[in-house]
Amino acid sequence: MLEIRDFKDLKIWQKGMEIAERCYFLTKLFPKDELYGMVQQIRRSAASIPANIAEGYGRRTTPEYIRFLNIAQGSLNELETHLILSERVNLCKQADIELIVSLLREESRMIIALIKKLEQ
């Protein structure tokens, strides 16, 4: 089993980074007039997921860690909403967001499972 030395060893953080990276690449395809609109919203909420996982891990107390995992879950839900809206207003196609949404669902399950484990 892999030893966890810092937040970068966490699978949950790694998946969050993959989601954020995919969102950055997706939004490069959006129209330039969305740079300060939906592009910024998607990038901020995507980056917030692994950032909050890392910050919570660094706090070193279980209640703080759980609080930041809940914030990451909120950012995940926000990101999914922005992606769905982007598809609905024709900024991208459903096929463009399917993989990201699938990764978001996996990440959500992982966050919820970790929260439950930490609460025990």
# chains A, B, ... in the order shown; residues from 1 in each chain; ligands from 1
>>> residues_around(residues="Leu79 of chain A", least_positions_apart="6", cutoff="8 Å", atoms="only C-alpha atoms", output="PyMOL selection string")
chain A and resi 41-42+45-46
>>> closest_residue(among="A:Arg44, A:Arg22, A:Arg59, A:Lys28", to="Asp6 of chain A", atoms="only C-alpha atoms")
A:Arg59
>>> atom_distance(atom1="atom CA of Ile100 of chain A", atom2="atom CA of Glu80 of chain A")
8.5 Å
>>> atom_distance(atom1="atom CA of Leu69 of chain A", atom2="atom CA of Ile53 of chain A")
5.8 Å
>>> residues_around(residues="Glu78 of chain A", least_positions_apart="2", cutoff="12 Å", atoms="only C-alpha atoms", output="list in words")
Met38, Gln41, Ile42, Arg43, Arg44, Ser45, Ala46, Ala47, Ser48, Ile49, Ile71, Ala72, Gln73, Gly74, Ser75, Leu76, Glu80, Thr81, His82, Leu83, Ile84, Leu85, Val101 and Leu104 of chain A
>>> atom_distance(atom1="atom CA of Thr27 of chain A", atom2="atom CA of Glu107 of chain A")
20.2 Å
>>> closest_residue(among="A:Gln14, A:Ile66, A:Lys116, A:Ser86", to="Pro31 of chain A", atoms="only C-alpha atoms")
A:Ser86
